[in-house]
Structures are given as structure tokens and as C-alpha cells.
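Novice: Have a peek at run-v6.csv (CSV, C-alpha atoms).
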```
chain,number,residue,atom,x,y,z
Y,1,MET,CA,-21.7,17.1,17.1
Y,2,GLN,CA,-22.0,13.4,17.9
Y,3,SER,CA,-22.9,12.5,14.3
Y,4,SER,CA,-20.0,14.6,12.9
Y,5,LYS,CA,-17.6,12.8,15.2
Y,6,LEU,CA,-18.9,9.4,14.1
Y,7,VAL,CA,-18.6,10.4,10.4
Y,8,SER,CA,-15.0,11.3,11.1
Y,9,ASN,CA,-14.4,7.9,12.8
Y,10,ILE,CA,-15.9,6.0,9.8
Y,11,LEU,CA,-13.6,8.0,7.5
Y,12,ASP,CA,-10.6,7.1,9.7
Y,13,ILE,CA,-11.5,3.4,9.3
Y,14,GLY,CA,-11.9,3.8,5.5
Y,15,GLU,CA,-8.6,5.7,5.2
Y,16,MET,CA,-6.7,3.1,7.2
Y,17,LEU,CA,-8.1,0.3,5.1
Y,18,LEU,CA,-7.2,2.0,1.8
Y,19,VAL,CA,-3.7,3.0,2.9
Y,20,SER,CA,-3.0,-0.5,4.3
Y,21,GLY,CA,-3.8,-2.2,1.0
Y,22,ALA,CA,-7.5,-3.0,1.0
Y,23,GLU,CA,-9.3,-2.7,-2.3
Y,24,VAL,CA,-11.9,0.1,-3.0
Y,25,SER,CA,-14.9,-2.2,-2.8
Y,26,ARG,CA,-13.9,-3.4,0.6
Y,27,VAL,CA,-13.4,0.2,1.8
Y,28,GLU,CA,-16.8,1.4,0.6
Y,29,ASP,CA,-18.7,-1.7,1.8
Y,30,THR,CA,-17.2,-1.4,5.3
Y,31,MET,CA,-18.0,2.2,5.6
Y,32,ILE,CA,-21.6,1.8,4.4
Y,33,ARG,CA,-22.2,-1.2,6.8
Y,34,ILE,CA,-20.8,0.8,9.7
Y,35,GLY,CA,-23.0,3.8,8.8
Y,36,ASN,CA,-26.1,1.6,8.5
Y,37,ALA,CA,-25.3,0.0,11.9
Y,38,TYR,CA,-25.4,3.4,13.6
Y,39,GLY,CA,-28.9,4.1,12.1
Y,40,PHE,CA,-28.0,6.7,9.4
Y,41,LYS,CA,-30.9,7.1,7.0
Y,42,LYS,CA,-28.6,6.8,4.0
Y,43,VAL,CA,-24.8,6.4,3.5
Y,44,ASP,CA,-23.0,7.4,0.3
Y,45,VAL,CA,-19.3,6.7,-0.2
Y,46,PHE,CA,-17.1,7.6,-3.2
Y,47,THR,CA,-13.6,6.2,-3.1
Y,48,ILE,CA,-10.7,6.4,-5.5
Y,49,THR,CA,-7.0,5.8,-5.0
Y,50,SER,CA,-6.4,9.3,-3.6
Y,51,THR,CA,-9.7,10.5,-2.1
Y,52,ILE,CA,-12.6,9.3,0.1
Y,53,ILE,CA,-15.9,11.2,0.2
Y,54,LEU,CA,-18.5,10.2,2.7
Y,55,THR,CA,-22.0,11.6,2.9
Y,56,ILE,CA,-24.5,10.6,5.5
Y,57,HIS,CA,-28.2,11.4,5.7
Y,58,LEU,CA,-29.6,11.8,9.2
Y,59,SER,CA,-33.2,10.9,10.3
Y,60,ASN,CA,-34.0,14.6,10.6
Y,61,ASP,CA,-33.0,15.1,6.9
Y,62,GLU,CA,-29.7,16.8,7.9
Y,63,ILE,CA,-26.8,15.9,5.5
Y,64,LEU,CA,-23.2,15.7,6.6
Y,65,THR,CA,-20.3,15.3,4.2
Y,66,GLN,CA,-16.6,14.8,4.9
Y,67,THR,CA,-13.6,14.2,2.6
Y,68,ARG,CA,-10.3,12.6,3.2
Y,69,ARG,CA,-7.3,13.0,0.9
Y,70,ILE,CA,-5.0,10.0,0.6
Y,71,LYS,CA,-1.3,10.7,-0.3
Y,72,LYS,CA,0.8,7.8,1.0
Y,73,TYR,CA,0.3,4.1,1.1
Y,74,ASN,CA,1.9,1.6,3.6
Y,75,THR,CA,0.8,-1.9,3.0
Y,76,ASN,CA,-0.1,-3.6,6.3
Y,77,PHE,CA,-2.5,-6.5,6.1
Y,78,GLU,CA,-2.5,-7.0,9.8
Y,79,LYS,CA,-4.2,-3.6,10.1
Y,80,VAL,CA,-6.7,-4.6,7.5
Y,81,GLU,CA,-7.5,-7.8,9.5
Y,82,TYR,CA,-7.9,-5.7,12.7
Y,83,LEU,CA,-10.1,-3.2,11.0
Y,84,ASN,CA,-12.3,-5.9,9.4
Y,85,GLN,CA,-12.8,-7.3,12.9
Y,86,LEU,CA,-13.6,-3.9,14.3
Y,87,SER,CA,-16.2,-3.3,11.6
Y,88,ARG,CA,-17.8,-6.7,12.4
Y,89,ASP,CA,-18.0,-5.8,16.1
Y,90,ILE,CA,-19.5,-2.4,15.3
Y,91,CYS,CA,-22.2,-4.0,13.1
Y,92,SER,CA,-23.1,-6.7,15.6
Y,93,LYS,CA,-22.7,-4.9,18.9
Y,94,LYS,CA,-23.0,-1.2,17.9
Y,95,ILE,CA,-20.0,-0.1,20.0
Y,96,ASN,CA,-20.2,3.4,21.5
Y,97,ILE,CA,-18.2,6.2,19.8
Y,98,SER,CA,-15.6,6.6,22.6
Y,99,LYS,CA,-14.7,2.9,22.4
Y,100,VAL,CA,-14.5,3.0,18.6
Y,101,GLU,CA,-12.1,5.9,18.8
Y,102,LYS,CA,-9.9,4.0,21.3
Y,103,GLU,CA,-9.9,0.9,19.0
Y,104,ILE,CA,-9.0,3.0,16.0
Y,105,LYS,CA,-6.0,4.6,17.8
Y,106,ASN,CA,-4.8,1.2,19.0
Y,107,ILE,CA,-5.0,-0.3,15.5
Y,108,ASP,CA,-3.2,2.8,14.1
Y,109,LYS,CA,-0.3,2.1,16.5
Y,110,THR,CA,0.0,-1.4,15.2
Y,111,LYS,CA,3.7,-1.8,14.3
Y,112,ASN,CA,4.8,-3.2,11.0
Y,113,TYR,CA,7.4,-6.0,11.0
Y,114,PRO,CA,10.8,-5.0,12.3
Y,115,LYS,CA,13.1,-3.2,9.8
Y,116,VAL,CA,15.7,-5.9,10.2
Y,117,LEU,CA,13.2,-8.5,9.1
Y,118,HIS,CA,12.3,-6.4,6.1
Y,119,LEU,CA,16.0,-6.1,5.2
Y,120,PHE,CA,16.5,-9.8,5.5
Y,121,SER,CA,13.4,-10.4,3.3
Y,122,TYR,CA,14.8,-8.1,0.5
Y,123,ILE,CA,18.1,-9.9,0.6
Y,124,SER,CA,16.7,-13.4,0.7
Y,125,ILE,CA,14.1,-12.7,-2.0
Y,126,SER,CA,16.7,-11.2,-4.3
Y,127,PHE,CA,19.0,-14.2,-3.7
Y,128,ALA,CA,16.2,-16.8,-4.3
Y,129,PHE,CA,14.9,-15.2,-7.5
Y,130,SER,CA,18.5,-14.9,-8.9
Y,131,VAL,CA,19.0,-18.7,-8.4
Y,132,PHE,CA,15.5,-19.5,-9.6
Y,133,PHE,CA,16.1,-17.8,-12.9
Y,134,GLY,CA,19.4,-19.5,-13.5
Y,135,GLY,CA,22.0,-17.4,-11.8
Y,136,THR,CA,25.2,-18.7,-10.2
Y,137,PHE,CA,25.9,-18.7,-6.5
Y,138,LEU,CA,27.9,-15.5,-6.9
Y,139,ASP,CA,25.2,-13.9,-9.0
Y,140,ALA,CA,22.7,-14.7,-6.2
Y,141,VAL,CA,25.1,-13.2,-3.6
Y,142,ALA,CA,25.4,-10.0,-5.7
Y,143,SER,CA,21.7,-9.9,-6.1
Y,144,GLY,CA,21.2,-10.3,-2.3
Y,145,MET,CA,23.6,-7.5,-1.6
Y,146,THR,CA,21.9,-5.3,-4.1
Y,147,GLY,CA,18.5,-6.2,-2.6
Y,148,GLY,CA,19.7,-5.1,0.8
Y,149,PHE,CA,21.0,-1.8,-0.6
Y,150,LEU,CA,17.6,-1.4,-2.4
Y,151,TYR,CA,15.8,-1.7,0.9
Y,152,LEU,CA,18.0,1.0,2.5
Y,153,LEU,CA,17.5,3.2,-0.5
Y,154,LEU,CA,13.7,2.9,-0.4
Y,155,GLU,CA,13.7,3.6,3.3
Y,156,LEU,CA,15.6,6.8,2.6
Y,157,LEU,CA,13.5,7.9,-0.4
Y,158,ASN,CA,10.2,7.2,1.4
Y,159,LYS,CA,11.1,9.8,4.0
Y,160,VAL,CA,11.3,12.4,1.3
Y,161,ASN,CA,8.1,13.9,0.0
Y,162,MET,CA,8.5,12.6,-3.5
Y,163,ASN,CA,6.2,11.1,-6.1
Y,164,ASN,CA,6.0,7.3,-6.0
Y,165,ILE,CA,6.8,7.0,-9.7
Y,166,VAL,CA,10.0,9.1,-9.3
Y,167,ILE,CA,10.9,6.9,-6.4
Y,168,SER,CA,10.6,3.8,-8.6
Y,169,LEU,CA,12.7,5.4,-11.3
Y,170,LEU,CA,15.5,6.5,-8.9
Y,171,SER,CA,15.5,3.2,-7.0
Y,172,SER,CA,15.7,1.1,-10.1
Y,173,THR,CA,18.5,3.3,-11.6
Y,174,VAL,CA,20.6,3.2,-8.5
Y,175,THR,CA,20.0,-0.6,-8.1
Y,176,ALA,CA,21.1,-1.3,-11.6
Y,177,LEU,CA,24.2,0.8,-11.0
Y,178,SER,CA,24.9,-1.2,-7.8
Y,179,ALA,CA,24.5,-4.5,-9.7
Y,180,VAL,CA,26.9,-3.4,-12.5
Y,181,THR,CA,29.5,-2.2,-9.9
Y,182,LEU,CA,29.4,-5.5,-8.0
Y,183,SER,CA,29.7,-7.4,-11.3
Y,184,ASN,CA,32.8,-5.3,-12.3
Y,185,MET,CA,34.2,-6.1,-8.8
Y,186,GLY,CA,34.0,-9.8,-9.5
Y,187,VAL,CA,30.9,-10.5,-7.4
Y,188,GLY,CA,28.7,-12.3,-10.0
Y,189,SER,CA,29.2,-12.2,-13.7
Y,190,ASN,CA,25.6,-12.3,-15.2
Y,191,ILE,CA,24.2,-8.8,-14.7
Y,192,ASP,CA,20.7,-9.9,-15.9
Y,193,LYS,CA,20.6,-12.7,-13.3
Y,194,ILE,CA,21.7,-10.3,-10.6
Y,195,ILE,CA,19.1,-7.7,-11.3
Y,196,ILE,CA,16.1,-10.1,-11.9
Y,197,GLY,CA,15.6,-10.5,-8.1
Y,198,ASN,CA,15.6,-6.8,-7.6
Y,199,ILE,CA,13.1,-6.2,-10.3
Y,200,MET,CA,10.7,-8.6,-8.6
Y,201,LEU,CA,10.9,-6.4,-5.5
Y,202,LEU,CA,10.0,-3.3,-7.4
Y,203,ILE,CA,7.0,-4.6,-9.4
Y,204,PRO,CA,3.8,-3.0,-8.0
Y,205,GLY,CA,2.0,-6.3,-7.5
Y,206,ILE,CA,-0.6,-5.4,-4.8
Y,207,PRO,CA,-1.7,-2.1,-6.5
Y,208,LEU,CA,-2.1,-4.0,-9.8
Y,209,THR,CA,-4.1,-6.8,-8.3
Y,210,ASN,CA,-6.3,-4.4,-6.4
Y,211,SER,CA,-6.9,-2.3,-9.5
Y,212,LEU,CA,-8.0,-5.5,-11.4
Y,213,ARG,CA,-10.3,-6.5,-8.6
Y,214,ASP,CA,-11.8,-3.0,-8.6
Y,215,LEU,CA,-12.5,-3.2,-12.4
Y,216,ILE,CA,-14.1,-6.6,-11.9
Y,217,ASN,CA,-16.3,-5.2,-9.1
Y,218,GLY,CA,-17.5,-2.4,-11.3
Y,219,ASP,CA,-15.4,0.4,-9.7
Y,220,ILE,CA,-14.2,1.6,-13.1
Y,221,ILE,CA,-12.6,4.9,-12.1
Y,222,SER,CA,-10.6,3.6,-9.2
Y,223,GLY,CA,-9.7,0.5,-11.1
Y,224,LEU,CA,-8.4,2.5,-14.1
Y,225,LEU,CA,-6.5,4.9,-11.9
Y,226,GLY,CA,-4.9,2.1,-10.0
Y,227,LEU,CA,-4.0,0.3,-13.2
Y,228,LEU,CA,-2.5,3.4,-14.8
Y,229,GLU,CA,-0.4,4.1,-11.7
Y,230,SER,CA,0.8,0.5,-11.6
Y,231,LEU,CA,1.7,0.6,-15.3
Y,232,LEU,CA,3.6,3.9,-14.8
Y,233,LYS,CA,5.5,2.5,-11.9
Y,234,ALA,CA,6.4,-0.6,-14.0
Y,235,ILE,CA,7.6,1.7,-16.9
Y,236,ALA,CA,9.6,3.7,-14.4
Y,237,VAL,CA,11.3,0.6,-13.1
Y,238,ALA,CA,12.1,-0.6,-16.6
Y,239,LEU,CA,13.4,2.8,-17.6
Y,240,GLY,CA,15.6,3.1,-14.5
Y,241,PHE,CA,17.4,-0.2,-15.3
Y,242,ALA,CA,17.6,0.7,-19.0
Y,243,LEU,CA,19.3,4.0,-18.3
Y,244,ILE,CA,22.2,2.0,-16.8
Y,245,LEU,CA,22.2,-1.2,-18.8
Y,246,ILE,CA,21.7,0.1,-22.4
Y,247,PRO,CA,24.8,2.4,-22.4
Y,248,LEU,CA,26.8,-0.6,-21.2
Y,249,GLY,CA,25.3,-2.9,-23.8
Y,250,GLY,CA,23.6,-5.0,-21.1
```
Would you write the structure of this file as C-alpha cells?

Specialist:
Amino acid sequence: MQSSKLVSNILDIGEMLLVSGAEVSRVEDTMIRIGNAYGFKKVDVFTITSTIILTIHLSNDEILTQTRRIKKYNTNFEKVEYLNQLSRDICSKKINISKVEKEIKNIDKTKNYPKVLHLFSYISISFAFSVFFGGTFLDAVASGMTGGFLYLLLELLNKVNMNNIVISLLSSTVTALSAVTLSNMGVGSNIDKIIIGNIMLLIPGIPLTNSLRDLINGDIISGLLGLLESLLKAIAVALGFALILIPLGG
């Protein structure tokens, strides 16, 4: 019973790392190190973008296997930092299970940045990229307004149980429509300069980077899956903007 609970705790740590934006190699290495720290005879971990499988071999030759399905991601590098520190403490001090469970719950409760700050970030990033790529002040204002609308839209869509690729398609389509509407209202005149900042917000940068790191580290399956998902999201973003801009001759 104790070993089964410990396996579940190790899976909790691995799941939180993967969901929060850690690459597969980090997830597997952390789980293996923790298992070894607690004296398991052998630890086998198989991780891809949607599944973690952990098998441990006990000293009495008993084998325990648990699987965790990953459906949603929520990038939070603060959690990754806390989990890395927890894993180091486990390996150096061999913390008892009850304290590990308490630490996991505390880390899981770590709040992300306030939504108001997220909204401000979307607005300011859109504004800045519009100016950077040659847009006028009004283009940047329109881009900032569209970026704020994009954040609110993503918050709404993420509450619905919907495929991430579909979310990318819908958000880019509605964002392009918003940019065109603002341009027609006289807020900005260069639609391409307005939407460039919004496109930068929708590009799957972290998944793409992690997939390339996984490929370099030899995790071919997870790397290819991550790369394919990133490319599909990028295509969905491009298609969403095209559905609005092409009919308008943009």
C-alpha cells in the first residue's frame, strides 16, 4: 500500500511537470531519480505528450504500474521550479510520503499570474509587435484592442472541452474579424500590421521548443508528436486568419 501511494505521488509530480511546460526528458529523469531515491530496484518511465506510464520493481520482485492520461496543458514555470526543488529535496533528504503529499498539494495550489496582468500582457505585446513591424500608432492601438479581445476569447474557449487545434482556428478567425472591423471603423488602416501582434500571441512557441529538445535528447516519439501538434496549431492559426482576409483581398 505504501509503495502504491508513493508511485502515485511520483506520477503526480511527473504530471504537474509535463502540464506546466517541462520537456519529456526532464519529466522522466525527475521521476526516475525520485524512484531511485526511495530504493526501488528498478524504475521505468515512458512519457509522451498525452500519457505517462510508470513501472517500478520492488526489492521483493513485485512490480507496480500506474498510468496517467494528460489532456490539458497550462504553462506555469513557477510550478516547474518548485517541483524541481522538491525533487532535489527528496533525493537528498528522502522526505517521508506524508510530507511529499503535502508539498505536492501546496505546489498544485500555486496561483498563476493575475488575469488582469495576463490581459495587460496580451494588449502590450500586440501593441509592441505592431509598432516593431512598421505599424502606425493607430494600427498599434487596434492591435492592442484586438489582443485584449483575444485573451478574453481564449479564456472563454479554454473553459469548454474543445480540441486545442480547434481553439487555435476559432480564436484566429475571430481575431482577424475583430481586426478588420476595427480597421473599417477607422482605428488603424493597415490590417496586416494590426494582426501581426496577435499572430505572435497564438504561435505555439513553447510546445515547438520542447518538441525540438525532445528530438535532440532522443525522445523521438514524444518529439514528433509535439512537433506535429505545433505544426497543426500553426496551420490552424494561418487558416483562421486566411478565412477572413482572403475574401476581403487582404

Novice: Quick one: everything within 7 Å of Ala140 of chain Y, counting only C-alpha atoms, minus sequence neighbours fewer than 5 positions away in the same chain. Send it as a list in words.

Specialist: Phe127, Ser130, Val131, Gly135 and Ile194 of chain Y

Novice: If we count all atoms listed in the file and set the cut-off at 8 Å, which residues sit around segment 58-68 of chain Y, ignoring sequence neighbours fewer than 5 positions away in its own chain? Please answer as a list of chain:residue names.

Specialist: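 Counting all atoms listed in the file, the residues come to Y:Ser4, Y:Val7, Y:Ser8, Y:Leu11, Y:Glu15, Y:Phe40, Y:Lys41, Y:Lys42, Y:Thr51, Y:Ile52, Y:Ile53.
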
Novice: Closest to Ile104 of chain Y among Y:Gly14, Y:Gly134, Y:Gly205, Y:Gly188, using all atoms listed in the file?

Specialist: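 Looking at the shortest contact to Ile104 of chain Y, the residue is Y:Gly14.
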
Novice: Counting all atoms listed in the file, which residues in segment 112-212 of chain Y sit no more than 9 Å from segment 225-230 of chain Y? For each one, give the nearest pair of atoms and the distance in Å, sorted by chain then residue number, as a tab-separated table.

Specialist:
```
residue	atom	partner	partner_atom	distance
Y:Ile165	CA	Y:Glu229	CA	8.0
Y:Ile203	CA	Y:Ser230	CA	8.3
Y:Pro204	CA	Y:Ser230	CA	5.8
Y:Gly205	CA	Y:Ser230	CA	8.0
Y:Pro207	CA	Y:Ser230	CA	6.2
Y:Leu208	CA	Y:Ser230	CA	5.6
Y:Thr209	CA	Y:Leu227	CA	8.6
Y:Asn210	CA	Y:Gly226	CA	7.6
Y:Ser211	CA	Y:Gly226	CA	4.9
Y:Leu212	CA	Y:Leu227	CA	7.3
```

Novice: From the options Y:Ala236, Y:Ile221, Y:Leu231, Y:Ile48, which residue's atoms come nearest to Val166 of chain Y, counting all atoms listed in the file?

Specialist: Y:Ala236

Novice: Measuring between all atoms listed in the file, which one of Y:Ile195, Y:His118, Y:Asn112, Y:Val24 shows the shortest distance to Thr181 of chain Y?

Specialist: Y:Ile195

Novice: With only C-alpha atoms as the counted atoms, please give the residues lying no more than 12 Å from Ile246 of chain Y, apart from itself and same-chain residues fewer than 3 positions off, as a ChimeraX atom specification.

Specialist: /Y:173,176-177,180,192,238-243,249-250

Novice: Please check which residues have atoms at most 6 Å from (3.1, 12.9, 1.8) in the file's coordinates, counting only C-alpha atoms, and write them as a count of residues only.

Specialist: 3

Novice: Could you tell me which of Y:Gln85, Y:Asn158, Y:Asn198, Y:Ser20 comes closest to Ala128 of chain Y if we count only C-alpha atoms?

Specialist: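 The answer is Y:Asn198, which sits nearest to Ala128 of chain Y.
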
Novice: With distances taken over only C-alpha atoms, which of Y:Pro114, Y:Gly197, Y:Gly21, Y:Gly35 is nearest to Lys79 of chain Y?

Specialist: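 Among the listed residues, the smallest separation from Lys79 of chain Y belongs to Y:Gly21.
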
Novice: Give me the residues within 8 Å of segment 28-33 of chain Y as a list in words, counting all atoms listed in the file and dropping any in the same chain fewer than 5 places off.

Specialist: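 Residues near the query, excluding close chain neighbours: Ile10, Leu11, Ile13, Gly14, Val43, Asp44, Val45, Phe46, Thr47, Asn84, Ser87 and Cys91 of chain Y.
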
Novice: Could you state the separation of atom CA of Met185 of chain Y and atom CA of Leu245 of chain Y in Å, given to one decimal place?

Specialist: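 These atoms are spaced 16.4 Å apart.
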
Novice: Under the rule that all atoms listed in the file are counted, which of Y:Phe120, Y:Tyr82, Y:Leu54, Y:Ile216 is the nearest residue to Gly148 of chain Y?

Specialist: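 Between Y:Phe120, Y:Tyr82, Y:Leu54, Y:Ile216, the residue approaching Gly148 of chain Y most closely is Y:Phe120.
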
Novice: When you draw a straight line from atom CA of Asn74 of chain Y to atom CA of Gly147 of chain Y, how long is it in Å?

Specialist: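 Taking atom CA of Asn74 of chain Y as the start and atom CA of Gly147 of chain Y as the end point, the length is 19.4 Å.
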
Novice: Rounded to one decimal in Å, what is the spacing between atom CA of Asp108 of chain Y and atom CA of Asp12 of chain Y?

Specialist: 9.6 Å

Novice: Taking the block above, write segment 32-85 of chain Y with C-alpha atoms as a compact mmCIF listing (two decimals), in the first residue's frame.

Specialist:
```txt
# COMPACT_ATOMS: atom_id res chain seq x y z
CA ILE Y 32 13.48 8.04 -12.17
CA ARG Y 33 15.65 9.93 -9.69
CA ILE Y 34 12.84 10.09 -7.13
CA GLY Y 35 12.14 6.36 -7.56
CA ASN Y 36 15.82 5.53 -7.07
CA ALA Y 37 15.97 7.79 -4.01
CA TYR Y 38 13.26 5.71 -2.35
CA GLY Y 39 15.15 2.49 -3.01
CA PHE Y 40 13.12 0.92 -5.79
CA LYS Y 41 15.00 -1.88 -7.51
CA LYS Y 42 14.25 -0.51 -10.98
CA VAL Y 43 12.23 2.42 -12.34
CA ASP Y 44 10.87 2.54 -15.90
CA VAL Y 45 9.11 5.64 -17.23
CA PHE Y 46 7.50 6.14 -20.63
CA THR Y 47 6.25 9.64 -21.38
CA ILE Y 48 4.66 11.21 -24.43
CA THR Y 49 2.69 14.42 -24.74
CA SER Y 50 -0.57 12.78 -23.61
CA THR Y 51 0.42 9.85 -21.38
CA ILE Y 52 2.81 8.91 -18.57
CA ILE Y 53 3.41 5.26 -17.71
CA LEU Y 54 5.43 4.45 -14.59
CA THR Y 55 6.57 0.94 -13.65
CA ILE Y 56 8.58 0.23 -10.52
CA HIS Y 57 10.26 -3.02 -9.43
CA LEU Y 58 10.33 -3.63 -5.68
CA SER Y 59 13.07 -5.49 -3.82
CA ASN Y 60 10.73 -8.49 -3.37
CA ASP Y 61 10.34 -8.69 -7.19
CA GLU Y 62 6.81 -7.25 -7.06
CA ILE Y 63 6.01 -4.95 -10.00
CA LEU Y 64 3.68 -1.95 -9.81
CA THR Y 65 2.50 0.01 -12.84
CA GLN Y 66 0.37 3.13 -12.97
CA THR Y 67 -0.68 5.29 -15.92
CA ARG Y 68 -1.68 8.93 -16.09
CA ARG Y 69 -3.57 10.48 -19.02
CA ILE Y 70 -2.72 14.11 -19.85
CA LYS Y 71 -5.47 16.12 -21.56
CA LYS Y 72 -4.85 19.79 -20.79
CA TYR Y 73 -1.73 21.93 -20.50
CA ASN Y 74 -1.32 25.13 -18.50
CA THR Y 75 2.18 26.56 -18.75
CA ASN Y 76 3.46 27.65 -15.34
CA PHE Y 77 7.25 27.73 -14.95
CA GLU Y 78 6.91 28.71 -11.30
CA LYS Y 79 5.42 25.27 -10.64
CA VAL Y 80 8.26 23.67 -12.61
CA GLU Y 81 10.78 25.48 -10.39
CA TYR Y 82 9.03 24.37 -7.19
CA LEU Y 83 8.76 20.77 -8.42
CA ASN Y 84 12.45 20.72 -9.37
CA GLN Y 85 13.33 21.88 -5.86
```
